[in-house]
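Structure file data_7.cif; described as mmCIF, C-alpha atoms, pLDDT in the B column; chains and numbers go by the auth columns.
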```cif
data_final
loop_
_atom_site.group_PDB
_atom_site.id
_atom_site.type_symbol
_atom_site.label_atom_id
_atom_site.label_comp_id
_atom_site.label_asym_id
_atom_site.label_seq_id
_atom_site.Cartn_x
_atom_site.Cartn_y
_atom_site.Cartn_z
_atom_site.B_iso_or_equiv
_atom_site.auth_seq_id
_atom_site.auth_asym_id
ATOM 1 C CA MET A 1 103.801 182.892 61.162 55.00 22 F
ATOM 2 C CA ILE A 2 105.296 185.170 58.518 57.00 23 F
ATOM 3 C CA LYS A 3 102.246 184.564 56.324 55.00 24 F
ATOM 4 C CA MET A 4 100.028 185.615 59.213 51.00 25 F
ATOM 5 C CA LEU A 5 102.036 188.821 59.732 46.00 26 F
ATOM 6 C CA ILE A 6 101.863 189.627 56.015 53.00 27 F
ATOM 7 C CA PHE A 7 98.118 188.963 56.043 49.00 28 F
ATOM 8 C CA LEU A 8 97.621 191.293 59.035 46.00 29 F
ATOM 9 C CA LEU A 9 99.814 193.952 57.420 44.00 30 F
ATOM 10 C CA VAL A 10 97.826 193.782 54.174 47.00 31 F
ATOM 11 C CA LEU A 11 94.555 193.879 56.102 44.00 32 F
ATOM 12 C CA THR A 12 95.674 196.893 58.146 50.00 33 F
ATOM 13 C CA LEU A 13 96.938 198.699 55.058 45.00 34 F
ATOM 14 C CA SER A 14 93.722 198.076 53.132 48.00 35 F
ATOM 15 C CA LEU A 15 91.615 199.333 56.070 44.00 36 F
ATOM 16 C CA LYS A 16 93.758 202.441 56.252 47.00 37 F
ATOM 17 C CA LEU A 17 93.363 203.031 52.506 43.00 38 F
ATOM 18 C CA TYR A 18 89.595 202.517 52.818 46.00 39 F
ATOM 19 C CA CYS A 19 89.386 205.107 55.608 49.00 40 F
ATOM 20 C CA GLN A 20 91.420 207.577 53.579 49.00 41 F
ATOM 21 C CA ASP A 21 89.179 206.946 50.579 46.00 42 F
ATOM 22 C CA SER A 22 86.048 207.794 52.557 49.00 43 F
ATOM 23 C CA ASN A 23 87.585 211.222 53.311 52.00 44 F
ATOM 24 C CA ASN A 24 88.517 211.679 49.681 51.00 45 F
ATOM 25 C CA PRO A 25 87.325 214.990 48.135 52.00 46 F
ATOM 26 C CA SER A 26 85.715 213.113 45.240 53.00 47 F
ATOM 27 C CA ASN A 27 83.494 211.300 47.765 54.00 48 F
ATOM 28 C CA GLN A 28 82.584 214.649 49.304 54.00 49 F
ATOM 29 C CA ILE A 29 81.591 215.912 45.857 49.00 50 F
ATOM 30 C CA GLN A 30 79.377 212.855 45.401 47.00 51 F
ATOM 31 C CA GLN A 31 77.720 213.575 48.740 51.00 52 F
ATOM 32 C CA GLN A 32 77.079 217.179 47.679 49.00 53 F
ATOM 33 C CA ILE A 33 75.543 216.019 44.411 42.00 54 F
ATOM 34 C CA GLN A 34 73.184 213.781 46.356 44.00 55 F
ATOM 35 C CA LYS A 35 72.036 216.711 48.526 58.00 56 F
ATOM 36 C CA ARG A 36 68.571 218.047 47.943 64.00 57 F
ATOM 37 C CA ASN A 37 68.236 221.143 45.814 76.00 58 F
ATOM 38 C CA TYR A 38 66.600 223.819 47.942 75.00 59 F
ATOM 39 C CA LEU A 39 64.879 225.395 44.915 79.00 60 F
ATOM 40 C CA LEU A 40 62.949 222.159 44.364 82.00 61 F
ATOM 41 C CA GLU A 41 62.019 221.778 48.013 82.00 62 F
ATOM 42 C CA PRO A 42 58.214 221.706 48.394 85.00 63 F
ATOM 43 C CA ILE A 43 56.786 224.034 51.011 84.00 64 F
ATOM 44 C CA ASN A 44 53.213 224.174 52.255 87.00 65 F
ATOM 45 C CA VAL A 45 51.654 227.604 51.951 90.00 66 F
ATOM 46 C CA LEU A 46 48.510 228.251 54.015 90.00 67 F
ATOM 47 C CA LEU A 47 46.374 230.977 52.484 92.00 68 F
ATOM 48 C CA GLN A 48 42.707 231.704 51.965 92.00 69 F
ATOM 49 C CA ILE A 49 41.240 230.805 48.599 93.00 70 F
ATOM 50 C CA ASN A 50 40.608 234.529 48.093 94.00 71 F
ATOM 51 C CA ASP A 51 44.326 235.127 48.593 94.00 72 F
ATOM 52 C CA TYR A 52 45.170 232.796 45.715 93.00 73 F
ATOM 53 C CA ILE A 53 42.558 234.581 43.577 94.00 74 F
ATOM 54 C CA PHE A 54 44.143 237.906 44.586 94.00 75 F
ATOM 55 C CA ILE A 55 47.595 236.592 43.577 94.00 76 F
ATOM 56 C CA ASP A 56 46.248 235.510 40.170 94.00 77 F
ATOM 57 C CA LYS A 57 44.666 238.924 39.571 93.00 78 F
ATOM 58 C CA ALA A 58 47.842 240.671 40.695 93.00 79 F
ATOM 59 C CA LEU A 59 49.920 238.578 38.296 92.00 80 F
ATOM 60 C CA ASN A 60 47.596 239.664 35.488 91.00 81 F
ATOM 61 C CA GLU A 61 48.589 243.290 36.138 89.00 82 F
ATOM 62 C CA ILE A 62 52.347 242.746 36.013 89.00 83 F
ATOM 63 C CA LYS A 63 54.429 243.830 33.041 89.00 84 F
ATOM 64 C CA VAL A 64 56.769 241.004 32.103 87.00 85 F
ATOM 65 C CA SER A 65 59.831 241.207 29.899 88.00 86 F
ATOM 66 C CA SER A 66 60.146 238.707 27.078 89.00 87 F
ATOM 67 C CA LYS A 67 63.123 237.124 28.888 91.00 88 F
ATOM 68 C CA GLU A 68 60.886 236.183 31.824 88.00 89 F
ATOM 69 C CA LEU A 69 57.880 234.854 29.915 90.00 90 F
ATOM 70 C CA ASP A 70 58.419 231.140 30.465 91.00 91 F
ATOM 71 C CA LEU A 71 59.054 231.497 34.179 90.00 92 F
ATOM 72 C CA PHE A 72 56.131 233.896 34.561 91.00 93 F
ATOM 73 C CA ILE A 73 53.733 231.568 32.729 92.00 94 F
ATOM 74 C CA GLU A 74 54.869 228.559 34.793 91.00 95 F
ATOM 75 C CA THR A 75 54.369 230.492 38.021 91.00 96 F
ATOM 76 C CA GLN A 76 50.949 231.790 36.999 92.00 97 F
ATOM 77 C CA ASP A 77 49.920 228.301 35.866 93.00 98 F
ATOM 78 C CA LYS A 78 50.786 226.930 39.323 91.00 99 F
ATOM 79 C CA ILE A 79 48.470 229.489 40.952 92.00 100 F
ATOM 80 C CA ARG A 80 45.719 228.836 38.413 93.00 101 F
ATOM 81 C CA LEU A 81 45.929 225.094 39.048 92.00 102 F
ATOM 82 C CA VAL A 82 45.019 225.871 42.639 91.00 103 F
ATOM 83 C CA ILE A 83 42.087 228.194 42.013 92.00 104 F
ATOM 84 C CA ASN A 84 40.687 226.143 39.125 93.00 105 F
ATOM 85 C CA HIS A 85 40.942 222.789 40.879 92.00 106 F
ATOM 86 C CA PRO A 86 37.457 221.203 41.142 92.00 107 F
ATOM 87 C CA SER A 87 37.742 220.604 44.883 90.00 108 F
ATOM 88 C CA ILE A 88 38.615 224.287 45.429 89.00 109 F
ATOM 89 C CA LYS A 89 35.861 225.527 43.105 89.00 110 F
ATOM 90 C CA SER A 90 33.328 223.492 45.059 91.00 111 F
ATOM 91 C CA ILE A 91 34.101 225.381 48.288 90.00 112 F
ATOM 92 C CA ASN A 92 31.539 228.154 48.720 90.00 113 F
ATOM 93 C CA ASN A 93 33.369 230.053 51.451 91.00 114 F
ATOM 94 C CA LYS A 94 36.327 231.612 49.628 89.00 115 F
ATOM 95 C CA ASP A 95 37.740 232.755 52.991 90.00 116 F
ATOM 96 C CA SER A 96 38.509 229.097 53.758 91.00 117 F
ATOM 97 C CA VAL A 97 42.205 228.462 54.348 90.00 118 F
ATOM 98 C CA ILE A 98 43.835 225.819 52.185 90.00 119 F
ATOM 99 C CA SER A 99 47.339 224.379 52.162 90.00 120 F
ATOM 100 C CA VAL A 100 49.136 224.250 48.836 90.00 121 F
ATOM 101 C CA SER A 101 52.538 222.684 48.273 89.00 122 F
ATOM 102 C CA ILE A 102 54.705 224.976 46.141 88.00 123 F
ATOM 103 C CA GLU A 103 58.330 224.437 45.181 88.00 124 F
ATOM 104 C CA PHE A 104 60.616 226.973 46.831 87.00 125 F
ATOM 105 C CA GLY A 105 61.873 228.278 43.468 88.00 126 F
ATOM 106 C CA TYR A 106 58.343 229.205 42.402 89.00 127 F
ATOM 107 C CA LEU A 107 57.681 230.745 45.807 90.00 128 F
ATOM 108 C CA LYS A 108 60.706 233.036 45.341 90.00 129 F
ATOM 109 C CA VAL A 109 59.607 233.987 41.834 90.00 130 F
ATOM 110 C CA LEU A 110 56.111 234.721 43.125 91.00 131 F
ATOM 111 C CA GLN A 111 57.531 236.887 45.921 92.00 132 F
ATOM 112 C CA ASN A 112 59.594 238.855 43.424 91.00 133 F
ATOM 113 C CA TYR A 113 56.653 239.434 41.079 91.00 134 F
ATOM 114 C CA LEU A 114 54.339 240.452 43.910 93.00 135 F
ATOM 115 C CA ASN A 115 57.006 242.773 45.253 91.00 136 F
ATOM 116 C CA ASP A 116 56.755 244.795 42.021 85.00 137 F
ATOM 117 C CA ILE A 117 52.987 245.337 41.949 89.00 138 F
ATOM 118 C CA THR A 118 50.972 248.424 42.816 88.00 139 F
ATOM 119 C CA ILE A 119 47.900 247.646 44.892 89.00 140 F
ATOM 120 C CA ASN A 120 44.695 249.406 45.841 90.00 141 F
ATOM 121 C CA GLY A 121 44.344 250.509 49.416 91.00 142 F
ATOM 122 C CA SER A 122 41.489 248.058 49.879 92.00 143 F
ATOM 123 C CA ASP A 123 43.895 245.186 49.139 92.00 144 F
ATOM 124 C CA ALA A 124 46.649 246.375 51.495 93.00 145 F
ATOM 125 C CA ARG A 125 45.831 243.979 54.342 94.00 146 F
ATOM 126 C CA ARG A 126 45.420 241.020 51.998 94.00 147 F
ATOM 127 C CA TYR A 127 48.704 241.864 50.249 95.00 148 F
ATOM 128 C CA LYS A 128 50.524 242.190 53.573 95.00 149 F
ATOM 129 C CA ARG A 129 49.093 238.854 54.790 94.00 150 F
ATOM 130 C CA VAL A 130 50.122 237.071 51.569 94.00 151 F
ATOM 131 C CA MET A 131 53.644 238.495 51.679 95.00 152 F
ATOM 132 C CA ASN A 132 54.011 237.559 55.367 95.00 153 F
ATOM 133 C CA VAL A 133 52.917 233.974 54.674 94.00 154 F
ATOM 134 C CA LEU A 134 55.331 233.711 51.738 93.00 155 F
ATOM 135 C CA ALA A 135 58.163 235.144 53.864 93.00 156 F
ATOM 136 C CA LYS A 136 57.405 232.630 56.638 92.00 157 F
ATOM 137 C CA ALA A 137 57.413 229.781 54.095 90.00 158 F
ATOM 138 C CA GLU A 138 60.763 231.033 52.809 88.00 159 F
ATOM 139 C CA GLU A 139 62.168 231.014 56.353 89.00 160 F
ATOM 140 C CA ASP A 140 60.917 227.451 56.871 86.00 161 F
ATOM 141 C CA VAL A 141 62.760 226.222 53.779 84.00 162 F
ATOM 142 C CA LEU A 142 65.934 228.155 54.477 84.00 163 F
ATOM 143 C CA ALA A 143 66.015 226.696 57.989 85.00 164 F
ATOM 144 C CA LEU A 144 66.487 223.314 56.282 81.00 165 F
ATOM 145 C CA PHE A 145 69.271 224.717 54.066 79.00 166 F
ATOM 146 C CA PRO A 146 71.388 227.032 56.233 76.00 167 F
ATOM 147 C CA GLU A 147 74.215 227.137 53.674 74.00 168 F
ATOM 148 C CA GLU A 148 71.820 228.684 51.131 71.00 169 F
ATOM 149 C CA ARG A 149 70.494 231.363 53.511 67.00 170 F
ATOM 150 C CA LYS A 150 73.315 233.768 52.585 66.00 171 F
ATOM 151 C CA LYS A 151 72.708 233.333 48.853 68.00 172 F
ATOM 152 C CA VAL A 152 68.950 233.971 48.828 64.00 173 F
ATOM 153 C CA LYS A 153 67.848 237.585 48.750 61.00 174 F
ATOM 154 C CA SER A 154 64.436 238.306 50.152 57.00 175 F
ATOM 155 C CA PRO A 155 62.323 241.020 48.585 54.00 176 F
ATOM 156 C CA LYS A 156 61.982 244.076 50.788 52.00 177 F
#
```
Translate this file's structure into structure tokens.
Amino acid sequence: MIKMLIFLLVLTLSLKLYCQDSNNPSNQIQQQIQKRNYLLEPINVLLQINDYIFIDKALNEIKVSSKELDLFIETQDKIRLVINHPSIKSINNKDSVISVSIEFGYLKVLQNYLNDITINGSDARRYKRVMNVLAKAEEDVLALFPEERKKVKSPK
């Protein structure tokens, strides 16, 4: 009987310790580490092929500091992969809308670069459409990561 009581006491104590351990701050840190990184979150961007061509041409006009070169080149390469892809080149109607998956970090960089360009009046509607689509894509990602919403600054 005493052995049974000791066994139950040990069992109860170990269950209590296990429950306390699951609320341990180190476990919470592990859970945070396992969270997805919002900057790496892929987001589908629906734009016309001509819009991607416009973005590439606009990026060619931007002045980039030497500190930003690597990030700029990576971002421009992502856009060029789209417009130079054989399946995209084979489409005759460049007003066709295509969906491209872009990581949120690159989308933010692209928004910031495009925010700094000067455009011709003839490109105003296209520019506005591109920026609206990018802003909508940003909202879609930030809806998945509400804790990051306060940290991310949108270009005005």
Selection result of the PyMOL selection byres ((chain F and resi 64-79) around 9) on this file, as number ranges by chain:
F: 62-63, 80-83, 97, 100-101, 103-104, 109, 112, 114-125, 128, 131, 134-135, 138-140, 144, 147-148, 150-151, 154-155, 157-159, 161-162
Please evaluate the PyMOL selection byres ((chain F and resi 133) around 12) against the displayed coordinates and give the resulting residues as a short mmCIF file (atom, residue, chain, number, x, y, z; two decimals) with C-alpha atoms, in the frame of the given file.
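Result saved to part.cif:
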```
data_model
loop_
_atom_site.label_atom_id
_atom_site.label_comp_id
_atom_site.auth_asym_id
_atom_site.auth_seq_id
_atom_site.Cartn_x
_atom_site.Cartn_y
_atom_site.Cartn_z
CA LEU F 80 49.92 238.58 38.30
CA ILE F 83 52.35 242.75 36.01
CA VAL F 85 56.77 241.00 32.10
CA GLU F 89 60.89 236.18 31.82
CA LEU F 92 59.05 231.50 34.18
CA PHE F 93 56.13 233.90 34.56
CA THR F 96 54.37 230.49 38.02
CA GLY F 126 61.87 228.28 43.47
CA TYR F 127 58.34 229.20 42.40
CA LEU F 128 57.68 230.74 45.81
CA LYS F 129 60.71 233.04 45.34
CA VAL F 130 59.61 233.99 41.83
CA LEU F 131 56.11 234.72 43.12
CA GLN F 132 57.53 236.89 45.92
CA TYR F 134 56.65 239.43 41.08
CA LEU F 135 54.34 240.45 43.91
CA ASN F 136 57.01 242.77 45.25
CA ASP F 137 56.76 244.80 42.02
CA ILE F 138 52.99 245.34 41.95
CA MET F 152 53.64 238.50 51.68
CA LEU F 155 55.33 233.71 51.74
CA ALA F 156 58.16 235.14 53.86
CA VAL F 173 68.95 233.97 48.83
CA LYS F 174 67.85 237.58 48.75
CA SER F 175 64.44 238.31 50.15
CA PRO F 176 62.32 241.02 48.58
CA LYS F 177 61.98 244.08 50.79
#
```
How far is it from CA of Asp98 (chain F) to CA of Ser143 (chain F), in Å with one decimal?
25.6 Å
Any chance you could work out the axis-aligned box around region 77-91 of chain F, listed atoms only, 4 Å on each side, giving centre and edge lengths in Å to one decimal, as AutoDock Vina command-line options?
```
--center_x 53.9 --center_y 237.5 --center_z 33.9 --size_x 26.5 --size_y 20.7 --size_z 21.6
```
Quick one: pull the distance between CA of Ser87 (chain F) and CA of Lys99 (chain F), Å, one decimal.
19.4 Å
So how many Å separate CA of His106 (chain F) and CA of Ile94 (chain F), to one decimal?
17.5 Å
